[in-house]
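Containing mmCIF, C-alpha atoms and all ligand atoms: structure15.cif.
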```cif
data_my_file
#
loop_
_atom_site.label_atom_id
_atom_site.label_comp_id
_atom_site.auth_asym_id
_atom_site.auth_seq_id
_atom_site.Cartn_x
_atom_site.Cartn_y
_atom_site.Cartn_z
CA MET A 1027 7.46 1.04 -11.14
CA LYS A 1028 4.34 2.50 -9.52
CA THR A 1029 4.31 2.87 -5.74
CA THR A 1030 1.30 0.55 -5.58
CA PHE A 1031 3.55 -2.32 -6.72
CA TYR A 1032 5.73 -2.01 -3.63
CA ARG A 1033 2.76 -1.47 -1.31
CA GLU A 1034 1.11 -4.60 -2.67
CA LEU A 1035 4.23 -6.63 -1.95
CA THR A 1036 4.07 -5.58 1.70
CA ASP A 1037 0.34 -6.25 1.88
CA ILE A 1038 0.57 -9.70 0.29
CA SER A 1039 3.41 -10.67 2.61
CA LEU A 1040 1.64 -9.40 5.73
CA SER A 1041 -1.49 -11.28 4.78
CA ASP A 1042 0.58 -14.50 4.63
CA LYS A 1043 -0.07 -15.06 0.97
CA PRO A 1044 2.68 -16.26 -1.38
CA ILE A 1045 4.03 -14.04 -4.12
CA SER A 1046 3.84 -15.46 -7.63
CA ASP A 1047 7.03 -16.82 -9.21
CA ALA A 1048 6.78 -14.20 -11.96
CA VAL A 1049 6.77 -11.34 -9.44
CA CYS A 1050 9.59 -13.00 -7.45
CA GLU A 1051 11.63 -13.14 -10.63
CA ARG A 1052 10.97 -9.44 -11.27
CA LEU A 1053 12.13 -8.53 -7.77
CA LEU A 1054 15.42 -10.22 -8.40
CA THR A 1055 16.13 -9.07 -11.91
CA ALA A 1056 13.92 -6.28 -13.31
CA GLN A 1057 15.65 -2.93 -13.51
CA ASP A 1058 12.38 -1.01 -13.18
CA VAL A 1059 11.93 -2.55 -9.71
CA GLU A 1060 13.96 0.00 -7.80
CA LEU A 1061 16.05 -1.04 -4.87
CA LEU A 1062 15.17 1.62 -2.30
CA PRO A 1063 11.37 1.30 -2.51
CA LEU A 1064 11.84 -2.48 -2.52
CA LEU A 1065 13.92 -2.34 0.66
CA ASN A 1066 11.33 -0.08 2.25
CA ALA A 1067 8.54 -2.52 1.36
CA ALA A 1068 10.51 -5.39 2.94
CA TYR A 1069 11.28 -3.20 5.96
CA GLN A 1070 7.54 -2.68 6.59
CA VAL A 1071 7.20 -6.46 6.95
CA ARG A 1072 10.31 -6.79 9.11
CA LYS A 1073 9.14 -3.94 11.36
CA THR A 1074 5.75 -5.55 11.88
CA TYR A 1075 7.24 -8.69 13.40
CA PHE A 1076 10.63 -7.59 14.75
CA GLN A 1077 10.44 -3.81 15.11
CA ASN A 1078 13.94 -2.35 14.87
CA GLU A 1079 15.65 -5.13 16.81
CA VAL A 1080 18.67 -7.07 15.60
CA GLN A 1081 19.55 -10.46 17.06
CA LEU A 1082 23.23 -11.30 17.29
CA HIS A 1083 24.49 -14.86 17.01
CA ILE A 1084 27.83 -16.31 17.96
CA LEU A 1085 29.10 -19.48 16.36
CA ASN A 1086 31.17 -22.07 18.16
CA ASN A 1087 32.78 -24.39 15.69
CA ALA A 1088 32.83 -27.27 18.17
CA GLN A 1089 34.26 -29.78 15.71
CA ASN A 1090 36.10 -28.85 12.54
CA GLY A 1091 37.00 -31.05 9.58
CA TYR A 1092 37.07 -34.87 9.46
CA CYS A 1093 33.86 -34.86 7.41
CA PRO A 1094 33.12 -37.74 5.02
CA GLU A 1095 30.70 -35.64 2.94
CA ASP A 1096 31.56 -33.79 -0.27
CA CYS A 1097 29.64 -30.51 -0.09
CA GLY A 1098 31.41 -28.51 -2.80
CA TYR A 1099 31.31 -25.18 -0.93
CA CYS A 1100 32.74 -26.50 2.34
CA ALA A 1101 36.37 -26.38 3.45
CA GLN A 1102 35.70 -29.34 5.76
CA ALA A 1103 34.53 -31.67 2.98
CA ASN A 1104 36.55 -34.81 2.32
CA THR A 1105 37.15 -33.52 -1.21
CA ALA A 1106 38.51 -30.14 -0.10
CA THR A 1107 42.24 -29.56 -0.09
CA THR A 1108 41.95 -26.47 2.07
CA ASP A 1109 44.49 -26.33 4.86
CA ILE A 1110 42.08 -26.05 7.78
CA ASP A 1111 42.71 -26.48 11.46
CA ALA A 1112 40.86 -29.80 11.84
CA TYR A 1113 40.00 -30.99 15.33
CA PRO A 1114 37.57 -33.48 16.88
CA LEU A 1115 34.81 -32.40 19.27
CA LYS A 1116 36.20 -29.85 21.73
CA PRO A 1117 36.32 -30.88 25.41
CA ASP A 1118 33.12 -30.15 27.35
CA ALA A 1119 34.87 -27.62 29.59
CA GLU A 1120 35.91 -25.59 26.56
CA ILE A 1121 32.43 -25.59 25.03
CA LEU A 1122 30.90 -24.57 28.36
CA GLU A 1123 33.43 -21.80 28.83
CA GLU A 1124 32.62 -20.48 25.37
CA ALA A 1125 28.90 -20.61 26.14
CA LYS A 1126 29.59 -18.56 29.27
CA ARG A 1127 31.52 -15.96 27.31
CA ALA A 1128 28.82 -15.78 24.65
CA TYR A 1129 26.22 -15.24 27.37
CA GLU A 1130 28.26 -12.62 29.18
CA SER A 1131 28.97 -10.75 25.98
CA GLY A 1132 25.24 -10.37 25.39
CA ALA A 1133 24.70 -12.74 22.49
CA TYR A 1134 21.07 -13.71 22.20
CA ARG A 1135 21.85 -17.14 20.84
CA TYR A 1136 24.77 -19.52 21.02
CA CYS A 1137 25.19 -21.86 18.06
CA ILE A 1138 27.14 -25.09 18.45
CA VAL A 1139 28.26 -26.30 15.05
CA MET A 1140 29.81 -29.67 14.29
CA SER A 1141 31.16 -31.02 11.04
CA GLY A 1142 30.15 -34.48 9.87
CA ARG A 1143 27.31 -36.38 8.23
CA GLY A 1144 25.42 -36.76 11.48
CA PRO A 1145 25.97 -37.81 15.11
CA SER A 1146 25.84 -41.39 16.45
CA PRO A 1147 23.35 -42.14 19.29
CA LYS A 1148 26.30 -41.99 21.71
CA ARG A 1149 27.29 -38.56 20.43
CA VAL A 1150 23.67 -37.39 20.63
CA ALA A 1151 23.55 -38.41 24.31
CA HIS A 1152 26.79 -36.51 24.92
CA LEU A 1153 25.47 -33.39 23.16
CA ALA A 1154 22.22 -33.62 25.12
CA GLU A 1155 24.18 -33.55 28.37
CA LEU A 1156 26.20 -30.56 27.23
CA ILE A 1157 23.10 -28.66 26.14
CA HIS A 1158 21.39 -29.42 29.43
CA THR A 1159 24.40 -28.03 31.34
CA VAL A 1160 24.53 -24.85 29.24
CA LYS A 1161 20.79 -24.26 29.67
CA THR A 1162 20.98 -24.88 33.41
CA HIS A 1163 23.73 -22.30 33.91
CA TYR A 1164 22.99 -19.60 31.35
CA PRO A 1165 19.65 -18.28 30.10
CA ILE A 1166 20.80 -18.17 26.51
CA GLU A 1167 19.11 -19.69 23.49
CA VAL A 1168 21.01 -22.70 22.17
CA CYS A 1169 21.05 -23.84 18.56
CA LEU A 1170 22.78 -26.99 17.32
CA SER A 1171 24.02 -27.84 13.86
CA ALA A 1172 25.16 -31.46 13.76
CA GLY A 1173 24.28 -32.85 10.34
CA LEU A 1174 21.56 -35.38 9.54
CA ILE A 1175 19.33 -36.22 12.53
CA ASP A 1176 16.49 -38.72 12.89
CA VAL A 1177 13.33 -38.37 14.98
CA GLU A 1178 14.73 -40.26 17.98
CA SER A 1179 17.86 -38.09 18.15
CA ALA A 1180 15.76 -34.96 17.73
CA ARG A 1181 13.61 -36.07 20.66
CA VAL A 1182 16.63 -36.59 22.93
CA LEU A 1183 18.02 -33.16 22.06
CA LYS A 1184 14.67 -31.46 22.53
CA SER A 1185 14.28 -33.07 25.99
CA ALA A 1186 17.73 -31.74 26.93
CA GLY A 1187 16.54 -28.18 26.32
CA LEU A 1188 17.74 -27.50 22.78
CA ASP A 1189 15.91 -24.47 21.39
CA ARG A 1190 16.65 -24.87 17.71
CA LEU A 1191 18.14 -27.30 15.27
CA ASN A 1192 20.03 -25.88 12.32
CA HIS A 1193 20.19 -27.70 9.03
CA ASN A 1194 20.40 -25.63 5.88
CA LEU A 1195 18.64 -26.64 2.67
CA ASN A 1196 21.31 -24.51 0.96
CA THR A 1197 19.77 -24.53 -2.50
CA SER A 1198 16.86 -25.89 -4.52
CA GLU A 1199 16.18 -29.60 -4.95
CA THR A 1200 17.05 -29.29 -8.65
CA HIS A 1201 20.40 -27.65 -8.01
CA TYR A 1202 21.37 -29.81 -5.03
CA PRO A 1203 23.15 -32.61 -7.00
CA LYS A 1204 25.49 -29.96 -8.41
CA ILE A 1205 26.79 -29.03 -4.97
CA CYS A 1206 26.88 -32.41 -3.19
CA SER A 1207 26.76 -36.11 -4.08
CA THR A 1208 27.05 -37.87 -0.71
CA HIS A 1209 23.63 -36.87 0.55
CA THR A 1210 20.51 -35.44 -1.04
CA TYR A 1211 18.17 -32.52 -0.65
CA GLN A 1212 15.61 -35.04 0.56
CA ASP A 1213 17.97 -36.20 3.33
CA ARG A 1214 18.20 -32.61 4.51
CA MET A 1215 14.46 -32.14 4.27
CA GLU A 1216 13.91 -35.28 6.38
CA THR A 1217 16.17 -33.90 9.13
CA LEU A 1218 14.08 -30.74 9.29
CA GLN A 1219 10.90 -32.80 9.34
CA ALA A 1220 12.29 -34.95 12.18
CA ALA A 1221 12.96 -31.80 14.20
CA GLN A 1222 9.46 -30.54 13.54
CA THR A 1223 7.93 -33.89 14.50
CA VAL A 1224 9.25 -33.48 18.05
CA GLY A 1225 8.44 -29.77 18.23
CA LEU A 1226 11.97 -28.40 17.77
CA ALA A 1227 12.15 -25.04 16.06
CA CYS A 1228 14.10 -25.19 12.81
CA CYS A 1229 16.81 -22.94 11.51
CA SER A 1230 17.39 -23.53 7.84
CA GLY A 1231 18.75 -21.32 5.14
CA VAL A 1232 20.65 -20.99 1.92
CA ILE A 1233 23.94 -20.22 0.27
CA VAL A 1234 23.40 -17.85 -2.63
CA GLY A 1235 25.91 -17.69 -5.47
CA MET A 1236 26.76 -21.36 -6.05
CA GLY A 1237 25.81 -21.24 -9.71
CA GLU A 1238 22.07 -21.52 -9.13
CA SER A 1239 19.51 -19.72 -11.25
CA THR A 1240 17.04 -17.18 -9.89
CA ASP A 1241 14.42 -19.90 -10.26
CA ASP A 1242 16.42 -22.08 -7.81
CA ILE A 1243 16.44 -19.24 -5.31
CA ILE A 1244 12.69 -18.75 -5.61
CA LYS A 1245 12.12 -22.50 -5.20
CA VAL A 1246 14.21 -22.84 -2.04
CA ALA A 1247 12.70 -19.64 -0.57
CA LYS A 1248 9.26 -21.16 -1.10
CA ALA A 1249 10.33 -24.55 0.32
CA LEU A 1250 11.48 -22.79 3.50
CA ARG A 1251 8.20 -20.91 3.58
CA GLN A 1252 6.32 -24.22 3.47
CA LEU A 1253 8.41 -25.53 6.35
CA GLU A 1254 7.66 -22.35 8.31
CA VAL A 1255 11.23 -22.24 9.57
CA ALA A 1256 11.76 -20.04 12.62
CA SER A 1257 15.16 -18.88 11.49
CA LEU A 1258 16.58 -18.45 8.02
CA PRO A 1259 20.27 -17.69 7.46
CA VAL A 1260 21.09 -16.26 4.05
CA ASN A 1261 24.74 -16.84 3.21
CA PHE A 1262 26.44 -15.36 0.18
CA PHE A 1263 28.94 -17.78 -1.28
CA LEU A 1264 32.58 -17.18 -0.41
CA PRO A 1265 34.79 -19.29 -2.62
CA ILE A 1266 37.40 -20.76 -0.30
CA THR A 1267 40.60 -22.03 -1.90
CA GLY A 1268 40.65 -25.81 -2.07
CA THR A 1269 36.89 -26.36 -2.15
CA GLN A 1270 35.27 -27.93 -5.20
CA LEU A 1271 33.11 -24.93 -5.97
CA SER A 1272 35.84 -22.33 -5.50
CA ALA A 1273 36.70 -22.32 -9.18
CA PHE A 1274 33.08 -22.27 -10.26
CA VAL A 1275 32.25 -20.26 -13.36
CA PRO A 1276 28.55 -19.97 -14.25
CA THR A 1277 27.78 -21.14 -17.76
CA GLU A 1278 24.05 -20.61 -18.10
CA PRO A 1279 22.70 -17.17 -19.05
CA SER A 1280 20.13 -17.21 -16.24
CA VAL A 1281 22.84 -17.59 -13.61
CA PRO A 1282 24.11 -14.34 -12.10
CA THR A 1283 27.83 -14.21 -12.86
CA SER A 1284 28.68 -12.40 -9.68
CA LEU A 1285 26.98 -11.36 -6.52
CA THR A 1286 26.53 -7.60 -6.56
CA PRO A 1287 25.34 -5.66 -3.50
CA ASP A 1288 22.15 -4.83 -5.40
CA TYR A 1289 21.41 -8.48 -6.17
CA CYS A 1290 22.19 -9.65 -2.62
CA LEU A 1291 19.80 -7.07 -1.18
CA ARG A 1292 17.06 -8.12 -3.61
CA VAL A 1293 17.55 -11.73 -2.50
CA LEU A 1294 17.15 -10.69 1.15
CA CYS A 1295 13.95 -8.79 0.29
CA LEU A 1296 12.59 -11.85 -1.52
CA PHE A 1297 13.22 -14.06 1.51
CA ARG A 1298 11.54 -11.50 3.77
CA PHE A 1299 8.41 -11.23 1.62
CA LEU A 1300 8.09 -15.02 1.39
CA ASN A 1301 9.00 -15.70 5.03
CA PRO A 1302 7.56 -12.70 6.86
CA ARG A 1303 7.77 -14.16 10.39
CA ALA A 1304 11.17 -15.84 10.06
CA GLU A 1305 14.24 -14.49 11.77
CA ILE A 1306 16.22 -13.72 8.64
CA ARG A 1307 19.95 -13.65 9.25
CA VAL A 1308 22.35 -12.05 6.85
CA ALA A 1309 25.18 -14.51 7.31
CA ALA A 1310 28.52 -15.37 5.69
CA GLY A 1311 29.59 -13.17 2.81
CA ARG A 1312 27.78 -10.04 3.97
CA GLU A 1313 30.97 -8.03 4.35
CA HIS A 1314 32.46 -9.26 1.10
CA HIS A 1315 29.45 -9.12 -1.21
CA LEU A 1316 27.41 -6.25 0.22
CA ARG A 1317 30.45 -4.05 0.74
CA SER A 1318 29.42 -0.41 1.28
CA MET A 1319 25.75 -1.43 1.14
CA GLU A 1320 26.07 -3.80 4.11
CA VAL A 1321 23.97 -1.73 6.48
CA MET A 1322 21.03 -1.83 4.05
CA ALA A 1323 20.67 -5.55 4.80
CA LEU A 1324 19.15 -4.59 8.14
CA TYR A 1325 15.99 -3.44 6.40
CA PRO A 1326 14.91 -6.91 5.24
CA ALA A 1327 17.00 -8.93 7.76
CA ASN A 1328 16.75 -8.83 11.54
CA SER A 1329 19.68 -10.98 12.57
CA MET A 1330 23.44 -11.23 12.07
CA PHE A 1331 26.42 -13.27 13.10
CA VAL A 1332 29.12 -11.40 14.89
CA ASP A 1333 32.79 -12.10 14.84
CA GLY A 1334 33.15 -14.53 12.01
CA TYR A 1335 31.77 -17.68 10.51
CA LEU A 1336 32.81 -21.29 10.28
CA ASN A 1337 35.68 -21.13 7.86
CA ALA A 1338 35.75 -17.52 6.86
CA GLU A 1339 36.56 -14.33 8.61
CA GLY A 1340 33.69 -12.00 9.45
CA SER A 1341 33.79 -8.38 10.46
CA GLU A 1342 34.83 -7.39 13.91
CA ALA A 1343 32.02 -7.48 16.42
CA SER A 1344 32.57 -3.88 17.47
CA ARG A 1345 32.23 -2.64 13.90
CA THR A 1346 29.04 -4.65 13.39
CA ILE A 1347 27.53 -3.29 16.61
CA GLU A 1348 28.46 0.25 15.66
CA MET A 1349 26.89 -0.20 12.21
CA ILE A 1350 23.65 -1.48 13.76
CA ARG A 1351 23.42 1.44 16.15
CA ASP A 1352 24.41 4.07 13.61
CA ALA A 1353 21.49 2.97 11.43
CA GLY A 1354 19.05 3.40 14.33
CA PHE A 1355 18.51 -0.29 15.11
CA THR A 1356 18.73 -1.82 18.56
CA ILE A 1357 20.40 -5.03 19.65
CA LYS A 1358 18.34 -7.76 21.23
CA THR A 1359 20.40 -9.24 24.04
CA ASN A 1360 19.86 -12.01 26.51
CA GLU A 1361 18.13 -10.64 29.58
CA ASP A 1362 21.08 -10.15 31.89
CA THR A 1363 21.23 -6.48 32.86
CA THR A 1364 25.00 -6.43 33.25
CA THR A 1365 25.27 -7.56 29.70
CA GLN A 1366 22.90 -4.89 28.51
CA ARG A 1367 25.02 -2.34 30.30
CA ASN A 1368 28.04 -3.66 28.43
CA LEU A 1369 26.27 -3.37 25.10
CA LYS A 1370 25.16 0.17 25.83
CA ASP A 1371 28.60 1.28 26.84
CA ALA A 1372 30.22 2.54 23.68
CA GLU A 1373 33.55 2.89 25.42
CA LYS A 1374 33.66 -0.82 26.03
CA ARG A 1375 32.87 -1.78 22.49
CA ASP A 1376 36.46 -2.52 21.66
CA VAL A 1377 36.64 -5.28 24.24
CA LEU A 1378 33.19 -6.68 23.59
CA LEU A 1379 33.38 -10.25 22.34
CA LYS A 1380 37.10 -9.85 21.79
CA ASP A 1381 38.02 -13.11 23.43
CA LEU A 1382 35.65 -14.99 21.19
CA LYS A 1383 38.04 -14.67 18.30
CA VAL A 1384 39.56 -17.91 19.48
CA LEU A 1385 36.31 -19.74 18.89
CA ARG A 1386 37.09 -20.85 15.39
CA PRO A 1387 39.91 -21.12 12.90
CA ARG A 1388 40.27 -18.16 10.57
CA MET A 1389 40.71 -18.58 6.87
CA GLU A 1390 41.06 -16.00 4.19
CA SER A 1391 38.78 -16.31 1.22
CA ASN A 1392 40.51 -16.08 -2.15
CA ALA A 1393 37.65 -14.02 -3.58
S1 LIG B 1401 28.69 -28.75 5.03
FE1 LIG B 1401 28.69 -30.15 6.81
S2 LIG B 1401 28.24 -32.15 5.90
FE2 LIG B 1401 28.90 -30.85 4.21
S3 LIG B 1401 31.12 -31.18 4.04
FE3 LIG B 1401 30.84 -29.39 5.38
S4 LIG B 1401 30.85 -30.22 7.45
FE4 LIG B 1401 30.51 -31.95 6.06
#
```
Would you mind writing the file out in structure tokens?
Ligand code: SF4
Amino acid sequence: MKTTFYRELTDISLSDKPISDAVCERLLTAQDVELLPLLNAAYQVRKTYFQNEVQLHILNNAQNGYCPEDCGYCAQANTATTDIDAYPLKPDAEILEEAKRAYESGAYRYCIVMSGRGPSPKRVAHLAELIHTVKTHYPIEVCLSAGLIDVESARVLKSAGLDRLNHNLNTSETHYPKICSTHTYQDRMETLQAAQTVGLACCSGVIVGMGESTDDIIKVAKALRQLEVASLPVNFFLPITGTQLSAFVPTEPSVPTSLTPDYCLRVLCLFRFLNPRAEIRVAAGREHHLRSMEVMALYPANSMFVDGYLNAEGSEASRTIEMIRDAGFTIKTNEDTTTQRNLKDAEKRDVLLKDLKVLRPRMESNA
């Protein structure tokens, strides 16, 4: 492929124009579109908006299990037989202590994640109080993932100081009924629209590898572009034993049969070109599916989780931080100078974030 092809991709993206579906498809599948020039083209876009910085996120699984929904990828779904450590909402003191540790360890953002279809007004009021307390004590960005939310709830949370609401679209509208039957793509879209109505920034992303076609990926990437989401996590599907989708075998020829490092990186480039200003986070599955190519994800993506995910084990924080630095990227921390000193001190890397391993249950994927 001529070098002008890659340069044009960067130029189109930087001029905020969409890329045609046909070109998107080529990025994902055509062998003559080479990976390294493609990554470099995506990196030019990433560098324009985020320089060489990487934002680190820490998840607090504040409530695990007890979910009435049937999302086929999720170990907390009512249809999953996975042996998870289910628990109701953690006590306030525990959530606040974890926020403190996230702040002191230098995380830029603290994500509170709750299972369930969506919170009651009483639960929303409780969460608002918690968020207000966290924001009063620690200058850390707070993101909440609590299921389906209406405009009134979004307003209460915004007034409490919430910075972002997370609600993933996960896949295209067409593919959605194949991964969940208890709520719809439209339900999820309405939650994001409610957040936007009250001026809350949205975090919404995808899970790649749930049997969708490349066309589904292009569609959801363009839907997120239309929403102008501030943050876009790209998860790569980890089949967890006991979930409905864990035994999934693609049957259609257009569906990639497995997630290769090459394909995952192309997906990240596609999301970067179509969402040039979004904080793109390479999320669950990065260690497993990108393998030795993991560090290359930093060229299209500018954000990562450290120390694990909701129901799957991630790489150790110290290894992630070392990888980021070895590749010449810098870590964006909260503004506390003590914290920055901690992050700069290579000798302390083994203790960094160590205590946060208790934040969530660990489960081995069977992949
Ligand atoms: S993804 Fe959320 S809504 Fe769906 S089953 Fe899991 S916890 Fe419930």
Using all atoms listed in the file, I'd like a table of the residues in chain A that come within 10 Å of ligand LIG 1401 (chain B); for each, show the closest atom pair and its distance in Å rounded to one decimal, ordered by chain and ascending number, as a Markdown table.
```
| residue | atom | partner | partner_atom | distance |
| --- | --- | --- | --- | --- |
| A:Gln1089 | CA | B:LIG1401 | S4 | 8.9 |
| A:Asn1090 | CA | B:LIG1401 | S4 | 7.4 |
| A:Gly1091 | CA | B:LIG1401 | S4 | 6.6 |
| A:Tyr1092 | CA | B:LIG1401 | FE4 | 7.9 |
| A:Cys1093 | CA | B:LIG1401 | FE4 | 4.6 |
| A:Pro1094 | CA | B:LIG1401 | FE4 | 6.4 |
| A:Glu1095 | CA | B:LIG1401 | S3 | 4.6 |
| A:Asp1096 | CA | B:LIG1401 | S3 | 5.1 |
| A:Cys1097 | CA | B:LIG1401 | FE2 | 4.4 |
| A:Gly1098 | CA | B:LIG1401 | S3 | 7.3 |
| A:Tyr1099 | CA | B:LIG1401 | S1 | 7.4 |
| A:Cys1100 | CA | B:LIG1401 | FE3 | 4.6 |
| A:Ala1101 | CA | B:LIG1401 | FE3 | 6.6 |
| A:Gln1102 | CA | B:LIG1401 | FE3 | 4.9 |
| A:Ala1103 | CA | B:LIG1401 | S3 | 3.6 |
| A:Asn1104 | CA | B:LIG1401 | S3 | 6.8 |
| A:Thr1105 | CA | B:LIG1401 | S3 | 8.3 |
| A:Ala1106 | CA | B:LIG1401 | S3 | 8.5 |
| A:Val1139 | CA | B:LIG1401 | S4 | 8.9 |
| A:Met1140 | CA | B:LIG1401 | S4 | 6.9 |
| A:Ser1141 | CA | B:LIG1401 | S4 | 3.7 |
| A:Gly1142 | CA | B:LIG1401 | FE4 | 4.6 |
| A:Arg1143 | CA | B:LIG1401 | S2 | 4.9 |
| A:Gly1144 | CA | B:LIG1401 | S2 | 7.8 |
| A:Ser1171 | CA | B:LIG1401 | FE1 | 8.8 |
| A:Ala1172 | CA | B:LIG1401 | FE1 | 7.9 |
| A:Gly1173 | CA | B:LIG1401 | S2 | 6.0 |
| A:Leu1174 | CA | B:LIG1401 | S2 | 8.3 |
| A:His1193 | CA | B:LIG1401 | FE1 | 9.1 |
| A:Asn1194 | CA | B:LIG1401 | S1 | 8.9 |
| A:Asn1196 | CA | B:LIG1401 | S1 | 9.4 |
| A:Ile1205 | CA | B:LIG1401 | FE2 | 9.6 |
| A:Cys1206 | CA | B:LIG1401 | FE2 | 7.8 |
| A:Thr1208 | CA | B:LIG1401 | FE2 | 8.8 |
| A:His1209 | CA | B:LIG1401 | S2 | 8.5 |
| A:Thr1269 | CA | B:LIG1401 | S3 | 9.7 |
| A:Leu1336 | CA | B:LIG1401 | S4 | 9.6 |
| A:Asn1337 | CA | B:LIG1401 | FE3 | 9.9 |
```
**Asked** Do you know which residues are at most 12 Å from Lys1116 (chain A) counting all atoms listed in the file, after dropping those on the same chain fewer than 5 positions away, and could you put them as a list in words?
**Response**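 Near Lys1116 (chain A), the qualifying residues are Asn1086, Asn1087, Ala1088, Gln1089, Asn1090, Ile1121, Leu1122, Glu1123, Glu1124, Ile1138, Val1139, Met1140, Ser1141, His1152, Leu1153, Leu1156, Leu1385 and Arg1386 of chain A.
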**Request:** Provide the CA of Thr1159 (chain A) to CA of Arg1190 (chain A) distance in Å, to one decimal place.
**Result:**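 Calculated distance between CA of Thr1159 (chain A) and CA of Arg1190 (chain A) is 16.0 Å.
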**Asked** Which residue gives the smallest distance to Ala1119 (chain A) among A:Leu1253, A:Leu1040, A:Val1160, A:Ile1350, with all atoms listed in the file counted?
**Response**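 Looking only at the distances to Ala1119 (chain A), the closest residue turns out to be A:Val1160.
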**Asked** Any idea what's packed within 9 Å of Lys1248 (chain A), counting only C-alpha atoms, ignoring anything in its chain fewer than 2 positions away? Could you give it as a PyMOL selection string?
**Response** chain A and resi 1044+1243-1246+1250-1253+1297+1300-1301
**Request:** Go ahead and compute the interatomic distance for CA of Leu1296 (chain A) and CA of Ile1266 (chain A), in Å to one decimal.
**Result:**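 Computed distance, CA of Leu1296 (chain A) to CA of Ile1266 (chain A), equals 26.4 Å.
Across A:Val1168, A:Asp1042, A:Met1236, A:Gln1070, the tightest approach to Ser1272 (chain A) is made by A:Met1236 when counting only C-alpha atoms.
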**Request:** Have a look at A:Pro1259, A:Pro1147, A:Gly1235, A:Pro1165 and name the one nearest to Val1182 (chain A); count all atoms listed in the file.
**Result:**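 Ranking A:Pro1259, A:Pro1147, A:Gly1235, A:Pro1165 by distance to Val1182 (chain A), first place goes to A:Pro1147.
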**Item:** Two-atom distance - CA of Leu1188 (chain A), CA of Asp1176 (chain A) (Å)
**Value:**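 Computing it gives 15.0 Å between the two atoms.
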**Request:** Select, from A:Thr1223, A:Thr1036, A:Ser1146, A:Gln1081, the residue with the minimum atom-to-atom distance to Thr1346 (chain A), counting all atoms listed in the file.
**Result:** A:Gln1081
Please list, as an mmCIF file with C-alpha atoms, in the frame of the given file, the residues that have an atom at most 8 Å away from (15.4, -29.6, 13.0) in the coordinates of this file, counting only C-alpha atoms.
```cif
data_model
loop_
_atom_site.group_PDB
_atom_site.id
_atom_site.type_symbol
_atom_site.label_atom_id
_atom_site.label_comp_id
_atom_site.auth_asym_id
_atom_site.auth_seq_id
_atom_site.Cartn_x
_atom_site.Cartn_y
_atom_site.Cartn_z
ATOM 1 C CA ILE A 1175 19.330 -36.220 12.530
ATOM 2 C CA ALA A 1180 15.760 -34.960 17.730
ATOM 3 C CA ARG A 1190 16.650 -24.870 17.710
ATOM 4 C CA LEU A 1191 18.140 -27.300 15.270
ATOM 5 C CA ASN A 1192 20.030 -25.880 12.320
ATOM 6 C CA HIS A 1193 20.190 -27.700 9.030
ATOM 7 C CA THR A 1217 16.170 -33.900 9.130
ATOM 8 C CA LEU A 1218 14.080 -30.740 9.290
ATOM 9 C CA GLN A 1219 10.900 -32.800 9.340
ATOM 10 C CA ALA A 1220 12.290 -34.950 12.180
ATOM 11 C CA ALA A 1221 12.960 -31.800 14.200
ATOM 12 C CA GLN A 1222 9.460 -30.540 13.540
ATOM 13 C CA LEU A 1226 11.970 -28.400 17.770
ATOM 14 C CA ALA A 1227 12.150 -25.040 16.060
ATOM 15 C CA CYS A 1228 14.100 -25.190 12.810
ATOM 16 C CA CYS A 1229 16.810 -22.940 11.510
#
```
**Asked** For Tyr1325 (chain A), which residue among A:Lys1358, A:His1201, A:Arg1292, A:Arg1135 is the nearest when counting all atoms listed in the file?
**Response**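 Of all the options, A:Arg1292 lies closest to Tyr1325 (chain A).
The shell of residues at most 8 Å from Leu1324 (chain A), with only C-alpha atoms counted and near chain neighbours (fewer than 4 positions) removed, consists of Val1080, Asn1328, Ser1329 and Ile1350 of chain A.
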Atoms kept (C-alpha atoms) for selection, written as a PDB file, in the coordinates of the input:
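Once written, out09.pdb looks like this:
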```
ATOM      1  CA  VAL A1080      18.670  -7.070  15.600  1.00  0.00           C
ATOM      2  CA  ASN A1328      16.750  -8.830  11.540  1.00  0.00           C
ATOM      3  CA  SER A1329      19.680 -10.980  12.570  1.00  0.00           C
ATOM      4  CA  ILE A1350      23.650  -1.480  13.760  1.00  0.00           C
TER       5      ILE A1350
END
```
**Message:** From the options A:Leu1062, A:Val1071, A:Val1150, A:Val1260, which residue's atoms come nearest to Pro1302 (chain A), counting all atoms listed in the file?
**Reply:** A:Val1071
**Request:** Could you give me, as a ChimeraX atom specification, the residues within 9 Å of Glu1199 (chain A), counting only C-alpha atoms and dropping anything in the same chain fewer than 4 positions from it?
**Result:** /A:1195,1203,1210-1212,1242,1245-1246
**Message:** I'd like the neighbourhood of Met1330 (chain A) as a list in words, where a residue qualifies if any of its atoms comes within 7 Å (using only C-alpha atoms), though same-chain residues fewer than 4 positions away should be ignored.
**Reply:**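 Counting only C-alpha atoms, the residues come to Gln1081, Leu1082, His1083, Arg1307, Val1308 and Ala1309 of chain A.
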